[in-house]
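Enquirer: One structure follows; several queries about it will come next.
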Amino acid sequence: MKSTRQAIGLTLAGALAISTLAACSSGGSGSDDESSGSDDGKVTLSVVSLLPGSEQEAIDAFNAQVEEFEAANPDIDVVPEEYEWKATTFAPQLAGGTLPDVFEIPFTDAKTLVENGQLADLDEQFRTLPYADRFNPAILEAGTGADGHVYAIPAKNVYGVGLHYNRALFESAGLDPDQPPTTWDEVREYAKKIADANPGVAGYMQMSQNNTGGWQLTVNTFARGGRTQEVADDGTATSTLTNDGTKAALEWLQAMRWEDNSLGSNFLLDWGTMNQAFAAGQVAMYTSGSDVFTSLVQTNALDPSTYGLAALPLEGDDAGVLTGGTLAAMPATVDEAKKEAAIKWIDFFYLGKLVDEKRAVADAEVLVANDQPVGTPVLPMFSQEQYEQNQEWIADYINVPLDQMTSYTDTMFDLPLVGEPSQKTQEIYALLDPVVQAVLTDENADVDALLEQANTEAQALLDQG
Amino acid sequence: MTATTAPPRRGPASHARADRTGRRRSPVTWFRGGGLSNLVFMLPLILIFGVFSWFPIVRAVIMSVQETNLVSDPTFVGLDNFRQVLADPLLGKAVRNTLYFAFLALLFGYPVPLVAAVLMREVRRARGLYSALAYLPVVVPPVVAVLLWKFFYNGSPTGVFNTILGWVGLGPYPWLQDASTAMPSLVLAATWAGAGGTIIIYLAALTSVPPELYDASEVDGAGLWRKIWHVTLPALRGVLFITLILQVIGTAQVFLEPYLFTGGGPNNATLTVLLLIYRYAFQNSLGGDYGAATALSLMLAAVLAVFSLVYFRLTRSWSTS
């Protein structure tokens with residue numbers, strides 16, 4: 001009896017040990033160990049679907065597109081994965097092999113990832129696209145390596161930063177929602193009126209956390225004619241954070257916070273929480289990518305009738321609108337079969353609809369059927385003509401309130417676009433977060449001293465090469 | 001066996017030595033003595049500890065002298081990571097913030113559970129209900145608790161705390177949105193979240209205090225305070241020492257509250273050592289500085305280990321009740 005019990009106990013303990021080992025070994029494998037083909041010869045491809053927490057209608061629309069793709073490509077099994085690019089999680093996910101096979105990265109990161117050998121060379125597959133040579137060269141350049149090969153393909157969007165505003169809050173303060181502000185002084189004046197008329201609401205607010213503080217400070221610097229770094233022909237970079245544009249941007253923010261008290265009461269916001277606050281009517285104006293409307297609807301249940309988009313006010317010589325965008329890329333470890341499958345997906349989901357009438361209409365039909373936004377303004381990946389033609393194809397399906405965005409769309413092709421700083425972008429954004437936070441939370445913050453300190457630290461980063 | 005032939009007389013010491021060198025070393029006796037079963041039963045635990053505790057610790061030690069992005073081959077850099085961390089101007093700020101958090105947590109967080117436990121012990125009725133209420137915050141998932149408190153700490157006049165304080169003519173206060181009030185706000189939330197567990201420990205310890213001591217002190221004319229001072233506290237001395245060191249170690253590693261409430265802001269006012277480690281490792285989307293992160297982790301571990309040793313040395317004579 002005793003020996004039977006002991007035997008059972010030993011067997012159980014042994015089984016537990018073996019299963020622990022098995023769990024550890026399978027958990028430790030990265031994407032390089034995964035087989036791209038399943039038993040029935042299908043290629044399994046995991047792709048980015050939507051932001052975590054998206055509305056059910058958006059998920060339905062995405063699933064409908066996956067079904068359509070799989071029907072046209074029976075040898076590919078698409079596995080959608082919710083994904084939000086975050087500076088803090090991207091690198092560990094890439095190193096740990098837990099990203100989807102086709103993932104999205106910002107323009108600013110591609111070059112370094114290529115240099116580090118972390119992205120797959122997609123050049124051969126990219127060249128098979130019938131419209132490969134029609135891309136705007138400046139945009140294609142973002143994902144091209146030093147060897148001239150395309151590693152990351154312009155995919156989801158190219159945006160210019162715009163001023164997003166809440167029309168209902170404008171009306172509540174007696175402001176005309178069809179006449180958004182066109183200068184920074186007007187933004188300040190409107191913000192004050194809105195904050196005074198709506199206690200607890202921020203008339204204007206700016207992101208300040210998780211590197212977005214630096215990102216938006218750079219936006220505001222460019223808009224006032226400043227630049228945050230200079231790169232010489234030999235590649236050496238100089239930090240210029242003490243420029244007049246950055247200083248003016250911070251002093252403007254300081255005056256709104258401490259003289260007008262028009263920035264509300266939450267000064268620690270990042271991209272996601274700012275969108276949340278805006279959709280909830282707690283923030284009346286903020287600056288962000290021109291295409292943020294789509295995720296405001298899909299993730300934050302924004303009421304489109306309250307939404308307005310205006311061009312960013314530009315002041316001073318050489319003022320510019322910060323532009324950025326998203327590229328689709330794959331980890332360096334994927335095999336050829338997955339690359340072949342991926343380019344079909346990228347063509348189907350991201351690009352084909354921009355250049356092919358049939359695809360454009362089919363895509364718009366699915367989105368409209370699921371109550372998803374169609375026609376959110378983005379910058380053209382190919383050419384202005386191509387963009388306008390695309391808009392004509394889907395004209396019957398456009399359901400975003402374009403008449404509430406005319407201040408932006410009327411000028412979007414004439415905007416003086418400036419790319420994000422190219423060197424140590426995210427690290428310098430990170431060290432600017434506390435600067436923005438200091439101005440927002442410390443009445444006695446010394447803008448000059450803060451910028452001097454940040455400039456020294458940024459230069460030290462740039463000197464590391 | 002030697003025992004059957006005329007054995008020389010052995011003292012106990014030599015007999016023990018024979019045991020160690022002879023009988024125990026034989027694989028057969030090891031097996032018969034249940035050695036294999038012991039090993040098999042221990043195996044799952046050894047594996048889990050090995051994979052999830054010891055292996056990461058060893059890896060951390062190795063990574064602290066390497067430069068690695070976990071993708072390319074690591075390079076040995078000696079003590080450069082340690083030098084880099086020690087030269088970082090944010091380290092001083094993070095250490096000061098952590099000490100400030102620990103100080104505030106000791107000031108408010110340490111006495112609160114003790115007072116609550118002693119009071120609950122004095123309560124005659126519905127003691128179970130009070131215990132459950134006190135423990136409830138521990139059951140609430142930490143992230144949920146933080147989101148709840150963030151809601152309370154809303155800095156606008158319509159925020160929960162500001163509304164309540166407004167009734168008595170106070171505020172509105174910025175809570176998390178000001179460098180001077182952010183840290184005390186975090187400590188308040190952390191105390192609320194952590195007090196329940198400590199209260200249960202104290203309550204358990206209080207049950208072991210012989211009631212005769214209270215009776216005797218009552219006969220001697222002691223009031224409530226004298227009973228607490230002369231009976232309760234001395235009886236809890238051992239437990240108090242342990243909870244103190246646990247609290248100091250816990251607060252030195254505070255991460256959740258600053259990470260979720262403020263992300264270390266405003267202007268790094270709530271940047272703690274652990275949050276700095278996290279930033280080294282994860283802030284850069286192009287690959288973290290894992291060398292610096294592990295170097296600072298090891299330094300923190302070393303400081304806490306030294307603190308614990310010194311503390312136990314100093315209190316060894318006092319803590320026996």
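Here's how to read the names in the structure tokens: chain A, B, ... by the order shown, residue numbers from 1 in each chain, ligand numbers from 1 in the order shown.
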Which residues of chain A come within 9 Å of chain B, and what is each one's closest atom pair and distance in Å (one decimal), counting only C-alpha atoms, sorted by chain and residue number, as JSON lines?
Expert:
{"residue": "A:Gln6", "atom": "CA", "partner": "B:Ser37", "partner_atom": "CA", "distance": 8.3}
{"residue": "A:Gly9", "atom": "CA", "partner": "B:Phe41", "partner_atom": "CA", "distance": 8.0}
{"residue": "A:Leu10", "atom": "CA", "partner": "B:Val40", "partner_atom": "CA", "distance": 6.5}
{"residue": "A:Thr11", "atom": "CA", "partner": "B:Val40", "partner_atom": "CA", "distance": 8.8}
{"residue": "A:Leu12", "atom": "CA", "partner": "B:Phe41", "partner_atom": "CA", "distance": 8.8}
{"residue": "A:Ala13", "atom": "CA", "partner": "B:Phe41", "partner_atom": "CA", "distance": 5.4}
{"residue": "A:Gly14", "atom": "CA", "partner": "B:Val40", "partner_atom": "CA", "distance": 6.1}
{"residue": "A:Ala15", "atom": "CA", "partner": "B:Pro44", "partner_atom": "CA", "distance": 8.8}
{"residue": "A:Leu16", "atom": "CA", "partner": "B:Pro44", "partner_atom": "CA", "distance": 6.1}
{"residue": "A:Ala17", "atom": "CA", "partner": "B:Pro44", "partner_atom": "CA", "distance": 4.3}
{"residue": "A:Ile18", "atom": "CA", "partner": "B:Pro44", "partner_atom": "CA", "distance": 8.0}
{"residue": "A:Ser19", "atom": "CA", "partner": "B:Pro44", "partner_atom": "CA", "distance": 8.9}
{"residue": "A:Thr20", "atom": "CA", "partner": "B:Pro44", "partner_atom": "CA", "distance": 6.9}
{"residue": "A:Leu21", "atom": "CA", "partner": "B:Leu47", "partner_atom": "CA", "distance": 7.4}
{"residue": "A:Cys24", "atom": "CA", "partner": "B:Val51", "partner_atom": "CA", "distance": 7.7}
{"residue": "A:Lys86", "atom": "CA", "partner": "B:Ser285", "partner_atom": "CA", "distance": 7.4}
{"residue": "A:Ala87", "atom": "CA", "partner": "B:Ser285", "partner_atom": "CA", "distance": 4.2}
{"residue": "A:Thr88", "atom": "CA", "partner": "B:Phe282", "partner_atom": "CA", "distance": 4.7}
{"residue": "A:Thr89", "atom": "CA", "partner": "B:Phe282", "partner_atom": "CA", "distance": 6.6}
{"residue": "A:Phe90", "atom": "CA", "partner": "B:Ser285", "partner_atom": "CA", "distance": 5.6}
{"residue": "A:Ala91", "atom": "CA", "partner": "B:Gly287", "partner_atom": "CA", "distance": 4.9}
{"residue": "A:Pro92", "atom": "CA", "partner": "B:Gly287", "partner_atom": "CA", "distance": 7.2}
{"residue": "A:Leu94", "atom": "CA", "partner": "B:Val71", "partner_atom": "CA", "distance": 8.8}
{"residue": "A:Ala95", "atom": "CA", "partner": "B:Val71", "partner_atom": "CA", "distance": 5.9}
{"residue": "A:Gly96", "atom": "CA", "partner": "B:Leu70", "partner_atom": "CA", "distance": 8.3}
{"residue": "A:Asp109", "atom": "CA", "partner": "B:Leu286", "partner_atom": "CA", "distance": 6.8}
{"residue": "A:Thr112", "atom": "CA", "partner": "B:Leu286", "partner_atom": "CA", "distance": 7.2}
{"residue": "A:Leu113", "atom": "CA", "partner": "B:Leu286", "partner_atom": "CA", "distance": 6.8}
{"residue": "A:Asn116", "atom": "CA", "partner": "B:Ser72", "partner_atom": "CA", "distance": 7.3}
{"residue": "A:Gly117", "atom": "CA", "partner": "B:Ser72", "partner_atom": "CA", "distance": 8.0}
{"residue": "A:Gln118", "atom": "CA", "partner": "B:Val71", "partner_atom": "CA", "distance": 7.5}
{"residue": "A:Pro199", "atom": "CA", "partner": "B:Pro157", "partner_atom": "CA", "distance": 8.2}
{"residue": "A:Gly200", "atom": "CA", "partner": "B:Ser156", "partner_atom": "CA", "distance": 5.5}
{"residue": "A:Val201", "atom": "CA", "partner": "B:Ser156", "partner_atom": "CA", "distance": 8.6}
{"residue": "A:Gln209", "atom": "CA", "partner": "B:Gly263", "partner_atom": "CA", "distance": 7.3}
{"residue": "A:Asn210", "atom": "CA", "partner": "B:Gly263", "partner_atom": "CA", "distance": 7.7}
{"residue": "A:Asn211", "atom": "CA", "partner": "B:Gln283", "partner_atom": "CA", "distance": 8.4}
{"residue": "A:Gly264", "atom": "CA", "partner": "B:Ser156", "partner_atom": "CA", "distance": 7.2}
{"residue": "A:Ser265", "atom": "CA", "partner": "B:Gly155", "partner_atom": "CA", "distance": 5.1}
{"residue": "A:Asn266", "atom": "CA", "partner": "B:Gln177", "partner_atom": "CA", "distance": 6.5}
{"residue": "A:Phe267", "atom": "CA", "partner": "B:Gln177", "partner_atom": "CA", "distance": 6.2}
{"residue": "A:Leu268", "atom": "CA", "partner": "B:Thr262", "partner_atom": "CA", "distance": 6.8}
{"residue": "A:Gln426", "atom": "CA", "partner": "B:Asn284", "partner_atom": "CA", "distance": 6.4}
{"residue": "A:Glu427", "atom": "CA", "partner": "B:Asn284", "partner_atom": "CA", "distance": 6.2}
{"residue": "A:Ala430", "atom": "CA", "partner": "B:Gln283", "partner_atom": "CA", "distance": 7.7}
{"residue": "A:Asp433", "atom": "CA", "partner": "B:Asn267", "partner_atom": "CA", "distance": 7.6}
{"residue": "A:Pro434", "atom": "CA", "partner": "B:Asn267", "partner_atom": "CA", "distance": 4.1}
{"residue": "A:Val435", "atom": "CA", "partner": "B:Asn267", "partner_atom": "CA", "distance": 6.6}
{"residue": "A:Val436", "atom": "CA", "partner": "B:Asn267", "partner_atom": "CA", "distance": 7.9}
{"residue": "A:Gln437", "atom": "CA", "partner": "B:Asn267", "partner_atom": "CA", "distance": 5.2}
{"residue": "A:Ala438", "atom": "CA", "partner": "B:Asn267", "partner_atom": "CA", "distance": 5.0}
{"residue": "A:Val439", "atom": "CA", "partner": "B:Asn267", "partner_atom": "CA", "distance": 8.7}
{"residue": "A:Leu440", "atom": "CA", "partner": "B:Pro266", "partner_atom": "CA", "distance": 8.4}
{"residue": "A:Thr441", "atom": "CA", "partner": "B:Asp178", "partner_atom": "CA", "distance": 5.4}
{"residue": "A:Asp442", "atom": "CA", "partner": "B:Asp178", "partner_atom": "CA", "distance": 7.1}
Enquirer: Print the selection's residues with C-alpha atoms to a file, as a compact mmCIF listing (two decimals), in the first residue's frame.
Expert:
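Everything below was put into out04.txt:
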# COMPACT_ATOMS: atom_id res chain seq x y z
CA GLN A 6 5.00 6.24 -3.13
CA GLY A 9 3.68 10.24 -5.80
CA LEU A 10 6.97 9.70 -7.62
CA THR A 11 5.21 9.43 -10.97
CA LEU A 12 3.28 12.63 -10.36
CA ALA A 13 6.37 14.51 -9.24
CA GLY A 14 8.31 13.22 -12.26
CA ALA A 15 5.49 14.20 -14.63
CA LEU A 16 5.39 17.67 -13.08
CA ALA A 17 9.12 18.06 -13.54
CA ILE A 18 8.94 16.95 -17.16
CA SER A 19 5.99 19.22 -17.92
CA THR A 20 7.86 22.14 -16.29
CA LEU A 21 10.83 21.44 -18.52
CA CYS A 24 10.10 26.23 -20.20
CA LYS A 86 5.19 51.42 -27.51
CA ALA A 87 8.77 52.52 -26.98
CA THR A 88 8.93 50.58 -23.70
CA THR A 89 7.77 47.22 -25.02
CA PHE A 90 8.96 47.13 -28.60
CA ALA A 91 12.64 46.25 -28.07
CA PRO A 92 12.01 43.40 -25.58
CA LEU A 94 11.56 42.08 -30.83
CA ALA A 95 14.42 40.51 -28.86
CA GLY A 96 12.09 37.92 -27.33
CA ASP A 109 13.38 53.59 -35.81
CA THR A 112 18.91 51.71 -36.61
CA LEU A 113 16.99 48.44 -36.57
CA ASN A 116 21.51 46.24 -35.94
CA GLY A 117 20.45 43.41 -38.23
CA GLN A 118 17.06 43.12 -36.56
CA PRO A 199 -14.52 74.34 -15.19
CA GLY A 200 -12.37 71.22 -15.03
CA VAL A 201 -11.86 71.09 -18.81
CA GLN A 209 4.83 61.23 -20.77
CA ASN A 210 6.50 58.14 -22.26
CA ASN A 211 8.58 60.13 -24.75
CA GLY A 264 -6.82 71.57 -16.92
CA SER A 265 -5.54 69.55 -14.00
CA ASN A 266 -3.89 66.45 -15.46
CA PHE A 267 -0.39 67.18 -16.68
CA LEU A 268 0.83 63.63 -17.13
CA GLN A 426 13.41 58.50 -28.82
CA GLU A 427 16.18 58.96 -26.24
CA ALA A 430 12.64 60.89 -23.29
CA ASP A 433 9.57 64.72 -21.01
CA PRO A 434 10.71 66.05 -17.60
CA VAL A 435 11.32 69.48 -19.14
CA VAL A 436 7.72 69.70 -20.33
CA GLN A 437 6.49 68.28 -17.01
CA ALA A 438 8.54 70.82 -15.05
CA VAL A 439 6.99 73.71 -16.97
CA LEU A 440 3.52 72.29 -16.39
CA THR A 441 3.88 71.53 -12.69
CA ASP A 442 6.42 74.00 -11.30
Enquirer: Could you name the residues that touch A:Met256 at 12 Å or less, counting only C-alpha atoms, but leaving out those on the same chain fewer than 2 positions away, as JSON, numbers by chain?
Expert: {"A": [184, 185, 186, 187, 188, 189, 190, 191, 192, 193, 195, 202, 203, 204, 205, 206, 249, 250, 251, 252, 253, 254, 258, 259, 260, 261, 262, 263, 264, 439, 440, 441, 443]}
Enquirer: Have a look at atom CA of A:Ser239 and atom CA of A:Thr108 and let me know their distance in Å, one decimal.
Expert: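 According to the coordinates, atom CA of A:Ser239 and atom CA of A:Thr108 are separated by 16.9 Å.
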Enquirer: Need the shell around A:Trp271: protein/DNA/RNA residues with any atom at most 7 Å away, counting only C-alpha atoms. Skip same-chain ones fewer than 4 positions apart. Format as JSON, numbers by chain?
Expert: {"A": [207, 212, 275]}
Enquirer: Tell me which protein, DNA and RNA residues are within 12 Å of stretch 228-240 of chain B, counting only C-alpha atoms, leaving out same-chain ones fewer than 3 positions away, and put them as an MDAnalysis selection string.
Expert: chainID B and resid 110:111 113:115 117:119 121:122 198:218 220 222:225 243:247 312 315:321
Enquirer: Residues of the last selection are to be written out with N, CA and C atoms, as a tab-separated table (two decimals), in the first residue's frame.
Expert:
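For reference, again_17.tsv as written:
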chain	number	residue	atom	x	y	z
B	110	TYR	N	4.02	52.38	8.67
B	110	TYR	CA	4.42	51.39	9.66
B	110	TYR	C	3.51	51.40	10.89
B	111	PRO	N	3.21	52.56	11.47
B	111	PRO	CA	2.36	52.54	12.68
B	111	PRO	C	0.89	52.22	12.40
B	113	PRO	N	-0.87	49.96	10.58
B	113	PRO	CA	-1.36	48.59	10.80
B	113	PRO	C	-1.28	48.18	12.26
B	114	LEU	N	-0.24	48.65	12.96
B	114	LEU	CA	-0.08	48.29	14.37
B	114	LEU	C	-1.23	48.85	15.20
B	115	VAL	N	-1.49	50.13	14.99
B	115	VAL	CA	-2.58	50.77	15.73
B	115	VAL	C	-3.90	50.08	15.39
B	117	ALA	N	-4.40	47.05	14.35
B	117	ALA	CA	-4.48	45.69	14.90
B	117	ALA	C	-4.78	45.74	16.40
B	118	VAL	N	-4.09	46.64	17.09
B	118	VAL	CA	-4.31	46.74	18.54
B	118	VAL	C	-5.75	47.16	18.84
B	119	LEU	N	-6.25	48.12	18.08
B	119	LEU	CA	-7.63	48.56	18.29
B	119	LEU	C	-8.61	47.43	17.98
B	121	ARG	N	-8.09	44.35	18.19
B	121	ARG	CA	-7.98	43.34	19.25
B	121	ARG	C	-8.87	43.73	20.43
B	122	GLU	N	-8.98	45.02	20.66
B	122	GLU	CA	-9.77	45.50	21.80
B	122	GLU	C	-11.28	45.42	21.52
B	198	THR	N	-0.28	43.34	6.80
B	198	THR	CA	0.46	43.50	8.05
B	198	THR	C	-0.47	43.41	9.25
B	199	ILE	N	-1.68	43.94	9.11
B	199	ILE	CA	-2.65	43.87	10.21
B	199	ILE	C	-2.93	42.41	10.57
B	200	ILE	N	-3.08	41.58	9.56
B	200	ILE	CA	-3.35	40.16	9.81
B	200	ILE	C	-2.18	39.52	10.58
B	201	ILE	N	-0.95	39.89	10.19
B	201	ILE	CA	0.22	39.34	10.89
B	201	ILE	C	0.19	39.76	12.36
B	202	TYR	N	-0.08	41.05	12.60
B	202	TYR	CA	-0.12	41.55	13.98
B	202	TYR	C	-1.25	40.88	14.76
B	203	LEU	N	-2.40	40.74	14.14
B	203	LEU	CA	-3.53	40.12	14.84
B	203	LEU	C	-3.18	38.70	15.25
B	204	ALA	N	-2.51	37.99	14.32
B	204	ALA	CA	-2.12	36.62	14.64
B	204	ALA	C	-1.14	36.61	15.81
B	205	ALA	N	-0.18	37.55	15.78
B	205	ALA	CA	0.80	37.62	16.86
B	205	ALA	C	0.13	37.98	18.18
B	206	LEU	N	-0.88	38.83	18.12
B	206	LEU	CA	-1.55	39.27	19.35
B	206	LEU	C	-2.30	38.12	20.04
B	207	THR	N	-2.74	37.14	19.24
B	207	THR	CA	-3.46	36.01	19.86
B	207	THR	C	-2.54	35.19	20.75
B	208	SER	N	-1.21	35.32	20.50
B	208	SER	CA	-0.29	34.51	21.30
B	208	SER	C	0.09	35.21	22.61
B	209	VAL	N	-0.40	36.44	22.79
B	209	VAL	CA	-0.08	37.12	24.07
B	209	VAL	C	-0.97	36.52	25.17
B	210	PRO	N	-0.36	35.97	26.21
B	210	PRO	CA	-1.17	35.32	27.26
B	210	PRO	C	-2.13	36.33	27.90
B	211	PRO	N	-3.43	36.03	27.95
B	211	PRO	CA	-4.40	36.96	28.54
B	211	PRO	C	-4.12	37.25	30.01
B	212	GLU	N	-3.39	36.30	30.66
B	212	GLU	CA	-3.10	36.53	32.09
B	212	GLU	C	-2.30	37.81	32.29
B	213	LEU	N	-1.45	38.12	31.28
B	213	LEU	CA	-0.63	39.32	31.42
B	213	LEU	C	-1.50	40.57	31.50
B	214	TYR	N	-2.55	40.56	30.65
B	214	TYR	CA	-3.46	41.72	30.66
B	214	TYR	C	-4.21	41.76	32.00
B	215	ASP	N	-4.67	40.55	32.44
B	215	ASP	CA	-5.40	40.50	33.71
B	215	ASP	C	-4.53	41.02	34.84
B	216	ALA	N	-3.27	40.55	34.81
B	216	ALA	CA	-2.35	40.95	35.89
B	216	ALA	C	-2.12	42.46	35.86
B	217	SER	N	-1.94	42.99	34.64
B	217	SER	CA	-1.67	44.43	34.58
B	217	SER	C	-2.90	45.23	34.98
B	218	GLU	N	-4.09	44.65	34.68
B	218	GLU	CA	-5.31	45.34	35.08
B	218	GLU	C	-5.41	45.39	36.61
B	220	ASP	N	-2.99	45.41	38.55
B	220	ASP	CA	-2.01	46.40	39.00
B	220	ASP	C	-2.44	47.83	38.70
B	222	ALA	N	-3.30	49.14	35.56
B	222	ALA	CA	-2.89	49.72	34.29
B	222	ALA	C	-4.10	50.06	33.43
B	223	GLY	N	-4.04	51.22	32.77
B	223	GLY	CA	-5.10	51.58	31.83
B	223	GLY	C	-4.77	51.01	30.46
B	224	LEU	N	-5.58	51.44	29.47
B	224	LEU	CA	-5.41	50.90	28.12
B	224	LEU	C	-4.01	51.16	27.57
B	225	TRP	N	-3.54	52.42	27.69
B	225	TRP	CA	-2.25	52.77	27.12
B	225	TRP	C	-1.10	52.04	27.79
B	243	THR	N	8.59	42.83	10.45
B	243	THR	CA	7.80	43.64	9.52
B	243	THR	C	8.55	44.92	9.14
B	244	LEU	N	9.37	45.43	10.08
B	244	LEU	CA	10.13	46.64	9.75
B	244	LEU	C	11.10	46.36	8.61
B	245	ILE	N	11.84	45.26	8.74
B	245	ILE	CA	12.84	45.01	7.68
B	245	ILE	C	12.15	44.66	6.36
B	246	LEU	N	11.02	43.95	6.46
B	246	LEU	CA	10.28	43.64	5.22
B	246	LEU	C	9.80	44.93	4.56
B	247	GLN	N	9.37	45.86	5.39
B	247	GLN	CA	8.87	47.12	4.84
B	247	GLN	C	10.01	47.92	4.19
B	312	PHE	N	20.09	42.66	11.28
B	312	PHE	CA	19.92	41.45	12.09
B	312	PHE	C	20.99	41.34	13.18
B	315	THR	N	19.99	43.77	15.96
B	315	THR	CA	18.75	43.49	16.69
B	315	THR	C	18.70	42.08	17.22
B	316	ARG	N	19.77	41.29	16.99
B	316	ARG	CA	19.71	39.89	17.42
B	316	ARG	C	19.39	39.78	18.90
B	317	SER	N	20.05	40.63	19.69
B	317	SER	CA	19.86	40.52	21.14
B	317	SER	C	18.49	41.05	21.58
B	318	TRP	N	17.93	41.97	20.79
B	318	TRP	CA	16.67	42.58	21.25
B	318	TRP	C	15.46	41.74	20.87
B	319	SER	N	15.58	41.02	19.72
B	319	SER	CA	14.35	40.51	19.13
B	319	SER	C	13.82	39.26	19.82
B	320	THR	N	14.62	38.64	20.71
B	320	THR	CA	14.07	37.47	21.39
B	320	THR	C	13.10	37.93	22.45
B	321	SER	N	11.89	37.46	22.35
B	321	SER	CA	10.89	37.95	23.28
B	321	SER	C	10.86	37.05	24.52
Enquirer: One decimal, Å: what's the distance from atom CA of A:Ser422 over to atom CA of A:Pro154, could you say?
Expert: 17.0 Å
Enquirer: Please, which residues of stretch 6-212 of chain A, numbered as in this document, come out helix (DSSP H, G or I) from DSSP, as JSON, numbers by chain?
Expert: {"A": [6, 7, 8, 9, 10, 11, 12, 13, 14, 15, 16, 17, 18, 19, 20, 21, 22, 23, 24, 25, 26, 27, 31, 32, 33, 56, 57, 58, 59, 60, 61, 62, 63, 64, 65, 66, 67, 68, 69, 70, 71, 72, 87, 88, 89, 90, 91, 92, 93, 94, 95, 96, 107, 108, 109, 110, 111, 112, 113, 114, 115, 123, 124, 125, 126, 127, 132, 133, 134, 137, 138, 139, 140, 141, 167, 168, 169, 170, 171, 172, 184, 185, 186, 187, 188, 189, 190, 191, 192, 193, 194, 195, 196, 197, 212]}
Enquirer: Between A:Val400, A:Ile428, A:Lys339, A:Gly174, which is the closest to A:Val368 once you count only C-alpha atoms?
Expert: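 Distance minimum relative to A:Val368 lands on A:Val400.
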Enquirer: Would you list the contacts of stretch 376-388 of chain A as a list in words, taking every protein, DNA or RNA residue within 6 Å and counting only C-alpha atoms, but skipping same-chain residues closer than 6 positions in sequence?
Expert: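 In the requested format, the answer is Arg134, Phe135, Asn136, Val158, Tyr159 and Asp291 of chain A.
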Enquirer: Would you put the residues from that selection into a file with C-alpha atoms, as a PDB file, in the first residue's frame?
Expert:
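Written file, again.pdb:
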ATOM      1  CA  ARG A 134       5.822  54.895 -57.643  1.00  0.00           C
ATOM      2  CA  PHE A 135       6.404  55.614 -53.945  1.00  0.00           C
ATOM      3  CA  ASN A 136       7.378  59.077 -52.858  1.00  0.00           C
ATOM      4  CA  VAL A 158       2.094  59.078 -43.299  1.00  0.00           C
ATOM      5  CA  TYR A 159       0.884  61.908 -41.152  1.00  0.00           C
ATOM      6  CA  ASP A 291      -4.898  60.497 -38.778  1.00  0.00           C
TER       7      ASP A 291
END
Enquirer: Give the answer as one residue: which of A:Thr246, A:Gln282, A:Gln229, A:Thr306 has the shortest atom-to-atom distance to A:Asp178, using only C-alpha atoms?
Expert: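 Closest candidate: A:Thr306.
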